[in-house]
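K.L.:
Here you go, one structure.
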Amino acid sequence: MAKEALLEDLNSQQKEAILHSKGPLLVLAGAGSGKTRVITHKFAYLVRKKKYKPSSILTVTFTNKAANEMKERIGKFVDGDIKSSWIGTFHSQCNKILRREIKSLGYKSDFSIYDDDDQCSLIRHILRDFKIYEALYKGVASRISLLKASLISPEQFLSQGDGFSFDEKLGRVYLKYQDELKRCNALDFDDLIMQTVRLLEENPPVKQKYQDMFPYVLVDEFQDTNKSQYRLLQLLAGHKNICAVGDDDQSIYKFRGADISNILSFNKDYPDAKIIKLEQNYRSTQNILDVSGAVISKNPHRKAKTLWTDKGSGEKVFYCRLNTEEEEAKYIARIIKDLYLKDSYDYKDFALLYRINLQARALEDALRAEGIPYHVVSGISFYHRREIKDIISYLRLILNHDDNLSLRRVINSPHRGVGASTLSKIEQESKKNSTSLYAAIKSMLKSDSVAASLKEKLREFIKTIDAMSSANYKSAAEMLKDIAEKTGYLDDIEEERLQNIMELVSSAETLSVKDFSERVSLMATMDEDKKPGVSLMTLHSAKGLEFPVVFLVGLEEGILPYFKAMDDPHEMYEERRLFYVGMTRAKDMLCMTGVKKRRLYSKVQEQEPSRFLQDIPKDCCHWTEKAFRKPEAACKPLKPSAQKLSCAYVIGCRVKHPAWGVGVVRDCSGEGDDTKVTVNFPGIGLKRLAIKFVNLEKV
């Protein structure tokens, strides 16, 4: 396949960013300005024109999905296999370095990687040991994560305390947590970066090795980096050939530790840095850009950008204020249905964005009432389902017998009669001999003090794990099948969970055990498949996405901006950036709504319009206020139409009319002789037809 041209169809700022190949570069890429294009083209330019090896350019981003898309795009420009190149997430790159070098930090190279669920399980276990209220585990996990993001060790944190406050208890939990991770030969996600930073700072020859290995560093979504990630980049880019691409106006992850000062002070850390702004937007209409630009311009301490587009002015931004959240939701559902029936858009073209999850309830009710398909972008990831976590925990234990957390999870799954008291005896044996739980069980099997019935259960468990540990599996799928069958996990399992395990096995057919283990360990959050229907999600989840039509729901004080941000100017700046991110997801139409009264936390509250609305230029926006009156028929509760499910004419199918030709079914209601369909015929328009009077042929 012929390589694609490098600099065709790029604007002058994009070309300038690609051609700059020596010294630090900050690319301030406005929303929809083609930043991923710049990174992929720059990588290809360095390889094709500057003769860098693909494996010598460290390229980091934040999600597996973004990394895979980047590899795919780069592959169109660069000859040869780029699978071995260093293009990936911060965590995956650090994992690769640590697998090679971590022995110098006192760990074994086959360490396990604990995800958020594993982290919380271990913290709950420690809180129980310390007799601290166990329900605090999520808050403790979050605090520890933020401390690691700031490169603060347990010892440093304890030295800052007064010995009496809750922080003193937190420090002891943090210290014990790190000790337990070390005992298990495990790292959590934050450790992958923190320990890599430690490795590079404490071992100058290793640092020099990787600086020589990567003469060029590319960073995507730079505004989302935290202190530890930025420090990592500084250590690896000692040669100063670093290109950071990001947008300070889209920095919305402060709660995860993201530090906006990294991008704002880049030119202080690199005084000779070149700064290039990408201001041409390829996504939105000018009205949307003018409205969003006016709002974000009110934030101080930002890198000013003026976005423009050649798409034209487009529709005015729409704002409507209604009485209640139910009216708001019904109003939105009717607009969506109307635009869909007019064949203006498909349901997948709509997104409903909100600040907090509880806003979704009324929206879901209204969409169901109108028979509109939708999906909520959230919920449990495939890799976090109970049965998947169990099978993967078995795999981790087989590969790493020191993994106490995985052993605790699977020793009684499926049920083996190994209860809390037995596990407590194993824990005591482990502590007494300073060994892993697995080694403690083996020791107990040699002891005469252990009951014969318990010995038999434990011996069978150990025998199964040992057998699989010594087996030579050709693929990960083969090993996963053995785990599911030989552990007895499949003996008593529901059909849905069985299907999920079969899906897991299927996904591992072409991977080695090592490759599969690496992949699932680094899958912090699965990128969800695109599902048909209207998308519902929080504003934080919407970053990086785009939709033809976007509804921003709940523009009220206390919702957006959120009430917790009211007393902190920096939190308020972030709320404004969050609003900006939501607005710039829209390509063609942006509709904003708010209400006068909203039920929040079981209490109806009077709501004031969001302060951000005051900053919107009125000539770019159409303002209206609705006060619905319930018609007589509305006293009956609205229900999702069951007929739609059993109707012979599925929405989206093609039918042929004797006179009007082939059309697409856009709506269907009724059943039997009362079935009515709305069909869009090209050149004719929408027609509402009663099936018993019209001969429609399915195509």
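Residue names in the structure tokens use chain letters A, B, ... in the order shown, residue numbers from 1 in each chain, and ligand numbers from 1 in the order shown.
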If you run DSSP on the backbone, which residues of segment 526-605 of chain A are helix (DSSP H, G or I), as a short mmCIF file (atom, residue, chain, number, x, y, z; two decimals) with N, CA and C atoms, in the first residue's frame?
P.N.:
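Once written, part_30.cif looks like this:
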```cif
data_model
loop_
_atom_site.label_atom_id
_atom_site.label_comp_id
_atom_site.auth_asym_id
_atom_site.auth_seq_id
_atom_site.Cartn_x
_atom_site.Cartn_y
_atom_site.Cartn_z
N LEU A 539 -20.72 15.31 31.59
CA LEU A 539 -19.82 16.18 30.85
C LEU A 539 -18.38 15.67 30.90
N HIS A 540 -17.98 15.09 32.02
CA HIS A 540 -16.62 14.56 32.12
C HIS A 540 -16.40 13.41 31.15
N SER A 541 -17.45 12.60 30.92
CA SER A 541 -17.33 11.45 30.01
C SER A 541 -17.31 11.88 28.55
N ALA A 542 -17.75 13.10 28.26
CA ALA A 542 -17.94 13.54 26.87
C ALA A 542 -16.65 14.04 26.22
N PHE A 563 -22.48 23.02 43.04
CA PHE A 563 -22.52 23.79 44.29
C PHE A 563 -21.20 23.69 45.08
N LYS A 564 -20.46 22.57 44.92
CA LYS A 564 -19.22 22.41 45.67
C LYS A 564 -18.12 23.35 45.18
N ALA A 565 -18.33 23.96 44.01
CA ALA A 565 -17.30 24.85 43.45
C ALA A 565 -17.51 26.31 43.84
N PRO A 569 -12.40 29.74 43.78
CA PRO A 569 -12.27 30.30 42.42
C PRO A 569 -11.69 29.31 41.42
N HIS A 570 -10.70 28.50 41.85
CA HIS A 570 -10.07 27.55 40.93
C HIS A 570 -11.05 26.44 40.52
N GLU A 571 -11.90 26.03 41.48
CA GLU A 571 -12.93 25.04 41.13
C GLU A 571 -13.95 25.65 40.16
N MET A 572 -14.24 26.94 40.35
CA MET A 572 -15.18 27.61 39.45
C MET A 572 -14.60 27.75 38.04
N TYR A 573 -13.29 28.00 37.96
CA TYR A 573 -12.64 28.05 36.64
C TYR A 573 -12.80 26.70 35.94
N GLU A 574 -12.65 25.62 36.71
CA GLU A 574 -12.78 24.29 36.11
C GLU A 574 -14.21 24.00 35.68
N GLU A 575 -15.20 24.47 36.45
CA GLU A 575 -16.60 24.31 36.04
C GLU A 575 -16.87 25.02 34.72
N ARG A 576 -16.26 26.18 34.56
CA ARG A 576 -16.42 26.93 33.30
C ARG A 576 -15.78 26.15 32.14
N ARG A 577 -14.61 25.55 32.42
CA ARG A 577 -13.97 24.74 31.38
C ARG A 577 -14.82 23.52 31.04
N LEU A 578 -15.48 22.96 32.04
CA LEU A 578 -16.35 21.81 31.82
C LEU A 578 -17.53 22.19 30.91
N PHE A 579 -18.09 23.36 31.15
CA PHE A 579 -19.18 23.88 30.31
C PHE A 579 -18.67 24.07 28.88
N TYR A 580 -17.47 24.61 28.76
CA TYR A 580 -16.85 24.83 27.45
C TYR A 580 -16.66 23.51 26.70
N VAL A 581 -16.17 22.50 27.39
CA VAL A 581 -15.98 21.18 26.77
C VAL A 581 -17.32 20.65 26.26
N GLY A 582 -18.37 20.80 27.07
CA GLY A 582 -19.70 20.34 26.65
C GLY A 582 -20.17 21.04 25.39
N MET A 583 -20.03 22.36 25.33
CA MET A 583 -20.48 23.13 24.17
C MET A 583 -19.73 22.74 22.91
#
```
K.L.:
From the DSSP assignment of the backbone, select every residue of segment 311-478 of chain A that is strand (DSSP E or B), and format the answer as a list of chain:residue names.
P.N.:
A:Val317, A:Phe318, A:Tyr319, A:Cys320, A:Arg321, A:Leu322, A:Phe350, A:Ala351, A:Leu352, A:Leu353, A:Tyr354, A:Tyr374, A:His375, A:Val376
K.L.:
Can you list, as JSON, numbers by chain, every protein, DNA or RNA residue that comes within 10 Å of segment 212-216 of chain A when you count only C-alpha atoms, leaving out same-chain residues fewer than 6 positions away?
P.N.:
{"A": [21, 22, 23, 24, 43, 46, 52, 53, 54, 55, 56, 57, 58, 59, 86, 206, 236, 237, 238, 239, 240, 241, 242, 243]}
K.L.:
Here is a test: counting only C-alpha atoms, which residue of A:Arg585, A:Ile97, A:Ser521, A:Glu606 is nearest to Gly544 of chain A?
P.N.:
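Once distances to Gly544 of chain A are computed over only C-alpha atoms, the minimum belongs to A:Arg585.
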K.L.:
Which residue out of A:Leu405, A:Val291, A:Cys94, A:Ile276 has the minimum interatomic distance to Ser121 of chain A when only C-alpha atoms are used?
P.N.:
A:Leu405
K.L.:
Which residue out of A:Val140, A:Ile132, A:Ile332, A:Val78 has the minimum interatomic distance to Leu552 of chain A when only C-alpha atoms are used?
P.N.:
A:Ile332
K.L.:
Applying 7 Å and only C-alpha atoms, which residues near Gln13 of chain A remain after dropping the ones on its own chain fewer than 2 positions away? List them as number ranges by chain.
P.N.:
A: 11, 15-17, 276-278
K.L.:
Output the selection as a short mmCIF file (atom, residue, chain, number, x, y, z; two decimals), in the first residue's frame - N, CA and C atoms for each residue.
P.N.:
```
data_model
loop_
_atom_site.label_atom_id
_atom_site.label_comp_id
_atom_site.auth_asym_id
_atom_site.auth_seq_id
_atom_site.Cartn_x
_atom_site.Cartn_y
_atom_site.Cartn_z
N ASN A 11 -3.40 22.85 7.43
CA ASN A 11 -3.31 24.31 7.41
C ASN A 11 -1.90 24.75 7.83
N LYS A 15 1.15 22.58 9.72
CA LYS A 15 2.42 22.31 9.04
C LYS A 15 3.60 22.81 9.86
N GLU A 16 3.45 23.99 10.43
CA GLU A 16 4.53 24.57 11.23
C GLU A 16 4.85 23.67 12.43
N ALA A 17 3.80 23.13 13.06
CA ALA A 17 3.99 22.25 14.22
C ALA A 17 4.69 20.95 13.83
N ILE A 276 2.91 27.15 19.33
CA ILE A 276 2.08 27.26 18.12
C ILE A 276 0.63 27.03 18.51
N LYS A 277 -0.25 27.91 18.06
CA LYS A 277 -1.68 27.77 18.35
C LYS A 277 -2.42 27.22 17.13
N LEU A 278 -3.24 26.20 17.36
CA LEU A 278 -4.13 25.68 16.31
C LEU A 278 -5.51 26.26 16.59
#
```
K.L.:
With a distance cut-off of 12 Å and only C-alpha atoms, select the neighbouring residues of Val513 of chain A, excluding the residue or stretch itself and same-chain residues fewer than 2 positions from it, and output the selection as a PyMOL selection string.
P.N.:
chain A and resi 392+395-396+398-399+468-469+471-480+505+508-511+515-520
K.L.:
Output the selection as an mmCIF file, in the first residue's frame - N, CA, C and O atoms for each residue.
P.N.:
```cif
data_model
loop_
_atom_site.group_PDB
_atom_site.id
_atom_site.type_symbol
_atom_site.label_atom_id
_atom_site.label_comp_id
_atom_site.auth_asym_id
_atom_site.auth_seq_id
_atom_site.Cartn_x
_atom_site.Cartn_y
_atom_site.Cartn_z
ATOM 1 N N ILE A 392 -9.564 -13.770 35.860
ATOM 2 C CA ILE A 392 -8.288 -13.059 35.725
ATOM 3 C C ILE A 392 -7.474 -13.145 37.022
ATOM 4 O O ILE A 392 -6.244 -13.215 36.998
ATOM 5 N N LEU A 395 -5.695 -16.324 36.924
ATOM 6 C CA LEU A 395 -4.553 -16.199 36.011
ATOM 7 C C LEU A 395 -3.384 -15.494 36.706
ATOM 8 O O LEU A 395 -2.231 -15.923 36.599
ATOM 9 N N ARG A 396 -3.686 -14.420 37.429
ATOM 10 C CA ARG A 396 -2.620 -13.670 38.099
ATOM 11 C C ARG A 396 -1.954 -14.506 39.186
ATOM 12 O O ARG A 396 -0.735 -14.457 39.377
ATOM 13 N N ILE A 398 -1.730 -17.784 39.245
ATOM 14 C CA ILE A 398 -0.932 -18.815 38.572
ATOM 15 C C ILE A 398 0.417 -18.235 38.147
ATOM 16 O O ILE A 398 1.458 -18.885 38.272
ATOM 17 N N LEU A 399 0.416 -17.004 37.656
ATOM 18 C CA LEU A 399 1.648 -16.367 37.196
ATOM 19 C C LEU A 399 2.484 -15.795 38.339
ATOM 20 O O LEU A 399 3.694 -15.651 38.218
ATOM 21 N N MET A 468 -1.318 -25.844 36.721
ATOM 22 C CA MET A 468 -1.443 -24.855 35.646
ATOM 23 C C MET A 468 -0.212 -23.947 35.587
ATOM 24 O O MET A 468 0.125 -23.432 34.529
ATOM 25 N N SER A 469 0.450 -23.756 36.722
ATOM 26 C CA SER A 469 1.668 -22.940 36.735
ATOM 27 C C SER A 469 2.779 -23.598 35.928
ATOM 28 O O SER A 469 3.602 -22.913 35.308
ATOM 29 N N ALA A 471 2.277 -25.804 33.444
ATOM 30 C CA ALA A 471 1.835 -26.166 32.090
ATOM 31 C C ALA A 471 2.422 -25.201 31.067
ATOM 32 O O ALA A 471 2.680 -24.034 31.371
ATOM 33 N N ASN A 472 2.616 -25.706 29.867
ATOM 34 C CA ASN A 472 3.157 -24.872 28.785
ATOM 35 C C ASN A 472 2.028 -24.556 27.803
ATOM 36 O O ASN A 472 1.766 -25.335 26.879
ATOM 37 N N TYR A 473 1.374 -23.440 28.015
ATOM 38 C CA TYR A 473 0.207 -23.094 27.198
ATOM 39 C C TYR A 473 0.626 -22.396 25.913
ATOM 40 O O TYR A 473 1.452 -21.481 25.917
ATOM 41 N N LYS A 474 0.028 -22.822 24.798
ATOM 42 C CA LYS A 474 0.333 -22.219 23.502
ATOM 43 C C LYS A 474 -0.324 -20.852 23.346
ATOM 44 O O LYS A 474 0.143 -20.003 22.610
ATOM 45 N N SER A 475 -1.451 -20.651 24.022
ATOM 46 C CA SER A 475 -2.156 -19.365 23.934
ATOM 47 C C SER A 475 -2.833 -19.066 25.257
ATOM 48 O O SER A 475 -3.048 -19.961 26.082
ATOM 49 N N ALA A 476 -3.189 -17.798 25.453
ATOM 50 C CA ALA A 476 -3.900 -17.396 26.671
ATOM 51 C C ALA A 476 -5.285 -18.043 26.718
ATOM 52 O O ALA A 476 -5.777 -18.392 27.791
ATOM 53 N N ALA A 477 -5.906 -18.219 25.535
ATOM 54 C CA ALA A 477 -7.239 -18.831 25.482
ATOM 55 C C ALA A 477 -7.207 -20.239 26.069
ATOM 56 O O ALA A 477 -8.111 -20.649 26.814
ATOM 57 N N GLU A 478 -6.155 -20.985 25.742
ATOM 58 C CA GLU A 478 -6.004 -22.353 26.255
ATOM 59 C C GLU A 478 -5.916 -22.349 27.779
ATOM 60 O O GLU A 478 -6.536 -23.169 28.464
ATOM 61 N N MET A 479 -5.168 -21.405 28.313
ATOM 62 C CA MET A 479 -5.017 -21.304 29.765
ATOM 63 C C MET A 479 -6.329 -20.901 30.434
ATOM 64 O O MET A 479 -6.709 -21.446 31.476
ATOM 65 N N LEU A 480 -7.036 -19.934 29.835
ATOM 66 C CA LEU A 480 -8.307 -19.477 30.409
ATOM 67 C C LEU A 480 -9.345 -20.595 30.426
ATOM 68 O O LEU A 480 -10.128 -20.723 31.368
ATOM 69 N N VAL A 505 -12.475 -15.796 26.703
ATOM 70 C CA VAL A 505 -11.625 -16.828 26.096
ATOM 71 C C VAL A 505 -11.424 -16.537 24.616
ATOM 72 O O VAL A 505 -10.311 -16.595 24.089
ATOM 73 N N ALA A 508 -8.875 -13.990 23.616
ATOM 74 C CA ALA A 508 -7.472 -14.296 23.930
ATOM 75 C C ALA A 508 -6.858 -15.334 22.993
ATOM 76 O O ALA A 508 -5.740 -15.780 23.210
ATOM 77 N N GLU A 509 -7.576 -15.716 21.945
ATOM 78 C CA GLU A 509 -7.136 -16.825 21.090
ATOM 79 C C GLU A 509 -5.815 -16.562 20.380
ATOM 80 O O GLU A 509 -5.028 -17.466 20.167
ATOM 81 N N THR A 510 -5.571 -15.323 19.996
ATOM 82 C CA THR A 510 -4.352 -15.027 19.231
ATOM 83 C C THR A 510 -3.228 -14.470 20.102
ATOM 84 O O THR A 510 -2.194 -14.070 19.585
ATOM 85 N N LEU A 511 -3.429 -14.450 21.423
ATOM 86 C CA LEU A 511 -2.439 -13.831 22.317
ATOM 87 C C LEU A 511 -1.716 -14.867 23.158
ATOM 88 O O LEU A 511 -2.302 -15.885 23.560
ATOM 89 N N ASP A 515 1.252 -11.726 26.870
ATOM 90 C CA ASP A 515 0.636 -10.570 26.207
ATOM 91 C C ASP A 515 -0.772 -10.310 26.728
ATOM 92 O O ASP A 515 -1.170 -9.161 26.939
ATOM 93 N N PHE A 516 -1.528 -11.398 26.942
ATOM 94 C CA PHE A 516 -2.894 -11.244 27.437
ATOM 95 C C PHE A 516 -2.891 -10.670 28.848
ATOM 96 O O PHE A 516 -3.667 -9.764 29.175
ATOM 97 N N SER A 517 -2.002 -11.197 29.688
ATOM 98 C CA SER A 517 -1.908 -10.716 31.069
ATOM 99 C C SER A 517 -1.574 -9.233 31.107
ATOM 100 O O SER A 517 -2.156 -8.466 31.883
ATOM 101 N N GLU A 518 -0.631 -8.804 30.251
ATOM 102 C CA GLU A 518 -0.259 -7.387 30.178
ATOM 103 C C GLU A 518 -1.465 -6.548 29.758
ATOM 104 O O GLU A 518 -1.746 -5.501 30.333
ATOM 105 N N ARG A 519 -2.182 -7.029 28.733
ATOM 106 C CA ARG A 519 -3.281 -6.234 28.176
ATOM 107 C C ARG A 519 -4.395 -6.025 29.189
ATOM 108 O O ARG A 519 -4.856 -4.911 29.398
ATOM 109 N N VAL A 520 -4.832 -7.106 29.854
ATOM 110 C CA VAL A 520 -5.953 -6.955 30.789
ATOM 111 C C VAL A 520 -5.528 -6.202 32.039
ATOM 112 O O VAL A 520 -6.338 -5.503 32.647
#
```
K.L.:
So which residues touch segment 316-329 of chain A within 7 Å, counting only C-alpha atoms, skipping near sequence neighbours fewer than 5 positions away, as a PyMOL selection string?
P.N.:
chain A and resi 287-288+362-363+366+589-598+620-627
K.L.:
Just give me the gap between atom CA of Ser610 of chain A and atom CA of Gly558 of chain A in Å, one decimal is fine.
P.N.:
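These atoms are spaced 8.1 Å apart.
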K.L.:
Excluding segment 343-360 of chain A and any residue of its chain fewer than 4 positions from it, enumerate the residues within 7 Å of it, using only C-alpha atoms, and give them as a count of residues only.
P.N.:
20
